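Before any comments, here is the structure.
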Amino acid sequence: MPLACKFVVMGVSGCGKSSVGAAVAEGLGIRYIDGDDLHPSENIAKMSRGEPLTDADRAPWLVRVGQRLAETDGPVVIGCSALKRAYRDIIRDHAAESLCFLHLEGSRETLFKRMANRSGHFMPVSLLESQLATLEPPGLDETAITADIDQPFDKLVDALVAKIREGGS
């Protein structure tokens with residue numbers, strides 16, 4: 001996979017999409033975009049109340065993520081949960097170019113601890129179960145790199161950057 005590919009850091013809330021995404025982008029010398037910033041305000045309000053988003057709620061956000069990828073010249077990393085294949089298809093359709101998904105996975109316990117210990121985020125711990133139930137890991141026919149988050153942060157980032165540079169194998 002060429003470095004010119006655009007990358008979507010995906011996974012459930014608490015997996016580290018923003019921090020890992022920003023660090024991977026820095027390691028590659030490219031731009032990072034936080035997909036949470038592209039959510040319509042109605043989505044943020046709904047999640048803040050502890051209500052899971054529906055597919056209809058997510059659709060405009062996923063379109064925005066894909067459009068932002070399309071509008072960005074050159075390589076870029078964006079954080080976006082992209083939990084279902086159908087969501088990744090929407091992003092791919094609107095990005096209109098090759099994408100690689102960086103799937104961050106971890107145990108329920110690790111994710112719960114991370115969410116419980118962070119402050120100032122709109123996503124409450126109560127929504128973790130709905131996210132895990134929704135998650136469809138990337139299929140073998142999707143361009144993706146899966147990484148376990150239950151390891152030191154620097155090691156995780158270095159491993160992702162190395163896999164990207166060597167073509168994702």
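Labels for the structure tokens follow display order: chains A, B, ..., residues from 1 in each chain, ligands from 1.
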Out of region 58-142 of chain A, which residues get helix (DSSP H, G or I) from DSSP, as a ChimeraX atom specification?
-> /A:58-71,85-95,108-117,125-134
Contacts of region 23-58 of chain A with region 78-100 of chain A up to 6 Å, shortest pair per row, only C-alpha atoms, as a tab-separated table:
```
residue	atom	partner	partner_atom	distance
A:Tyr32	CA	A:Ile78	CA	5.7
A:Ile33	CA	A:Ile78	CA	4.6
A:Asp34	CA	A:Gly79	CA	5.1
A:Gly35	CA	A:Gly79	CA	5.0
```
Selected residues written out with N, CA and C atoms, as a PDB file, in the first residue's frame:
```
ATOM      1  N   TYR A  32      -3.309  15.143  10.319  1.00  0.00           N
ATOM      2  CA  TYR A  32      -4.343  14.390  11.033  1.00  0.00           C
ATOM      3  C   TYR A  32      -5.602  15.235  11.153  1.00  0.00           C
ATOM      4  N   ILE A  33      -6.750  14.601  10.937  1.00  0.00           N
ATOM      5  CA  ILE A  33      -8.052  15.243  11.098  1.00  0.00           C
ATOM      6  C   ILE A  33      -8.853  14.409  12.089  1.00  0.00           C
ATOM      7  N   ASP A  34      -9.439  15.046  13.092  1.00  0.00           N
ATOM      8  CA  ASP A  34     -10.285  14.332  14.047  1.00  0.00           C
ATOM      9  C   ASP A  34     -11.713  14.310  13.509  1.00  0.00           C
ATOM     10  N   GLY A  35     -12.173  13.115  13.162  1.00  0.00           N
ATOM     11  CA  GLY A  35     -13.512  12.963  12.601  1.00  0.00           C
ATOM     12  C   GLY A  35     -14.622  13.395  13.547  1.00  0.00           C
TER      13      GLY A  35
END
```
12 Å contact set for Asp158 (chain A), only C-alpha atoms, chain neighbours under 2 positions out, as a ChimeraX atom specification = /A:20-21,23-28,147,151-156,160-165
Keeping only N, CA and C atoms, write the selected residues to a file as a PDB file, in the first residue's frame.
```
ATOM      1  N   VAL A  20      -3.863   7.958  18.804  1.00  0.00           N
ATOM      2  CA  VAL A  20      -3.077   7.098  17.907  1.00  0.00           C
ATOM      3  C   VAL A  20      -3.037   7.706  16.505  1.00  0.00           C
ATOM      4  N   GLY A  21      -4.184   8.192  16.039  1.00  0.00           N
ATOM      5  CA  GLY A  21      -4.236   8.799  14.707  1.00  0.00           C
ATOM      6  C   GLY A  21      -3.283   9.973  14.568  1.00  0.00           C
ATOM      7  N   ALA A  23      -0.632  10.586  16.382  1.00  0.00           N
ATOM      8  CA  ALA A  23       0.762  10.121  16.489  1.00  0.00           C
ATOM      9  C   ALA A  23       1.217   9.405  15.217  1.00  0.00           C
ATOM     10  N   VAL A  24       0.340   8.613  14.613  1.00  0.00           N
ATOM     11  CA  VAL A  24       0.687   7.947  13.350  1.00  0.00           C
ATOM     12  C   VAL A  24       0.917   8.995  12.263  1.00  0.00           C
ATOM     13  N   ALA A  25       0.026   9.987  12.200  1.00  0.00           N
ATOM     14  CA  ALA A  25       0.193  11.052  11.206  1.00  0.00           C
ATOM     15  C   ALA A  25       1.528  11.764  11.403  1.00  0.00           C
ATOM     16  N   GLU A  26       1.865  12.054  12.657  1.00  0.00           N
ATOM     17  CA  GLU A  26       3.144  12.705  12.944  1.00  0.00           C
ATOM     18  C   GLU A  26       4.301  11.809  12.520  1.00  0.00           C
ATOM     19  N   GLY A  27       4.200  10.516  12.817  1.00  0.00           N
ATOM     20  CA  GLY A  27       5.254   9.575  12.438  1.00  0.00           C
ATOM     21  C   GLY A  27       5.447   9.465  10.938  1.00  0.00           C
ATOM     22  N   LEU A  28       4.377   9.684  10.200  1.00  0.00           N
ATOM     23  CA  LEU A  28       4.448   9.626   8.740  1.00  0.00           C
ATOM     24  C   LEU A  28       4.717  10.998   8.118  1.00  0.00           C
ATOM     25  N   ALA A 147      -4.648  -3.544  14.834  1.00  0.00           N
ATOM     26  CA  ALA A 147      -3.643  -3.466  15.893  1.00  0.00           C
ATOM     27  C   ALA A 147      -4.325  -3.575  17.255  1.00  0.00           C
ATOM     28  N   GLN A 151      -1.095  -2.523  24.571  1.00  0.00           N
ATOM     29  CA  GLN A 151       0.361  -2.498  24.537  1.00  0.00           C
ATOM     30  C   GLN A 151       0.791  -1.054  24.752  1.00  0.00           C
ATOM     31  N   PRO A 152       2.052  -0.821  25.049  1.00  0.00           N
ATOM     32  CA  PRO A 152       2.491   0.564  25.248  1.00  0.00           C
ATOM     33  C   PRO A 152       2.185   1.417  24.006  1.00  0.00           C
ATOM     34  N   PHE A 153       1.758   2.643  24.266  1.00  0.00           N
ATOM     35  CA  PHE A 153       1.345   3.559  23.200  1.00  0.00           C
ATOM     36  C   PHE A 153       2.416   3.696  22.117  1.00  0.00           C
ATOM     37  N   ASP A 154       3.651   3.967  22.512  1.00  0.00           N
ATOM     38  CA  ASP A 154       4.724   4.170  21.526  1.00  0.00           C
ATOM     39  C   ASP A 154       4.944   2.928  20.674  1.00  0.00           C
ATOM     40  N   LYS A 155       4.850   1.761  21.287  1.00  0.00           N
ATOM     41  CA  LYS A 155       5.024   0.513  20.548  1.00  0.00           C
ATOM     42  C   LYS A 155       3.902   0.335  19.525  1.00  0.00           C
ATOM     43  N   LEU A 156       2.680   0.654  19.911  1.00  0.00           N
ATOM     44  CA  LEU A 156       1.531   0.571  19.011  1.00  0.00           C
ATOM     45  C   LEU A 156       1.716   1.490  17.812  1.00  0.00           C
ATOM     46  N   LEU A 160       2.330   0.473  13.813  1.00  0.00           N
ATOM     47  CA  LEU A 160       1.443   0.915  12.730  1.00  0.00           C
ATOM     48  C   LEU A 160       2.223   1.664  11.649  1.00  0.00           C
ATOM     49  N   VAL A 161       3.088   2.577  12.061  1.00  0.00           N
ATOM     50  CA  VAL A 161       3.886   3.333  11.094  1.00  0.00           C
ATOM     51  C   VAL A 161       4.760   2.378  10.278  1.00  0.00           C
ATOM     52  N   ALA A 162       5.379   1.410  10.939  1.00  0.00           N
ATOM     53  CA  ALA A 162       6.228   0.441  10.235  1.00  0.00           C
ATOM     54  C   ALA A 162       5.409  -0.372   9.233  1.00  0.00           C
ATOM     55  N   LYS A 163       4.229  -0.837   9.636  1.00  0.00           N
ATOM     56  CA  LYS A 163       3.388  -1.617   8.711  1.00  0.00           C
ATOM     57  C   LYS A 163       2.953  -0.795   7.521  1.00  0.00           C
ATOM     58  N   ILE A 164       2.634   0.466   7.743  1.00  0.00           N
ATOM     59  CA  ILE A 164       2.246   1.346   6.642  1.00  0.00           C
ATOM     60  C   ILE A 164       3.421   1.528   5.681  1.00  0.00           C
ATOM     61  N   ARG A 165       4.581   1.791   6.233  1.00  0.00           N
ATOM     62  CA  ARG A 165       5.766   2.017   5.384  1.00  0.00           C
ATOM     63  C   ARG A 165       6.160   0.767   4.592  1.00  0.00           C
TER      64      ARG A 165
END
```
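Nearest-residue note for Met10 (chain A): choosing from A:Leu140, A:Val157, A:Ile149, A:Leu102, the minimum distance belongs to A:Leu102, counting only C-alpha atoms.
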DSSP-assigned strand (DSSP E or B) members of region 7-166 of chain A, reported as a list in words = Phe7, Val8, Val9, Met10, Arg31, Tyr32, Ile33, Asp34, Val76, Val77, Ile78, Gly79, Leu99, Cys100, Phe101, Leu102, His103, Leu104, Glu105, Ala144, Ile145, Thr146, Ala147 and Asp148 of chain A
What is the CA of Arg31 (chain A) to CA of Val77 (chain A) distance in Å?
-> 6.3 Å
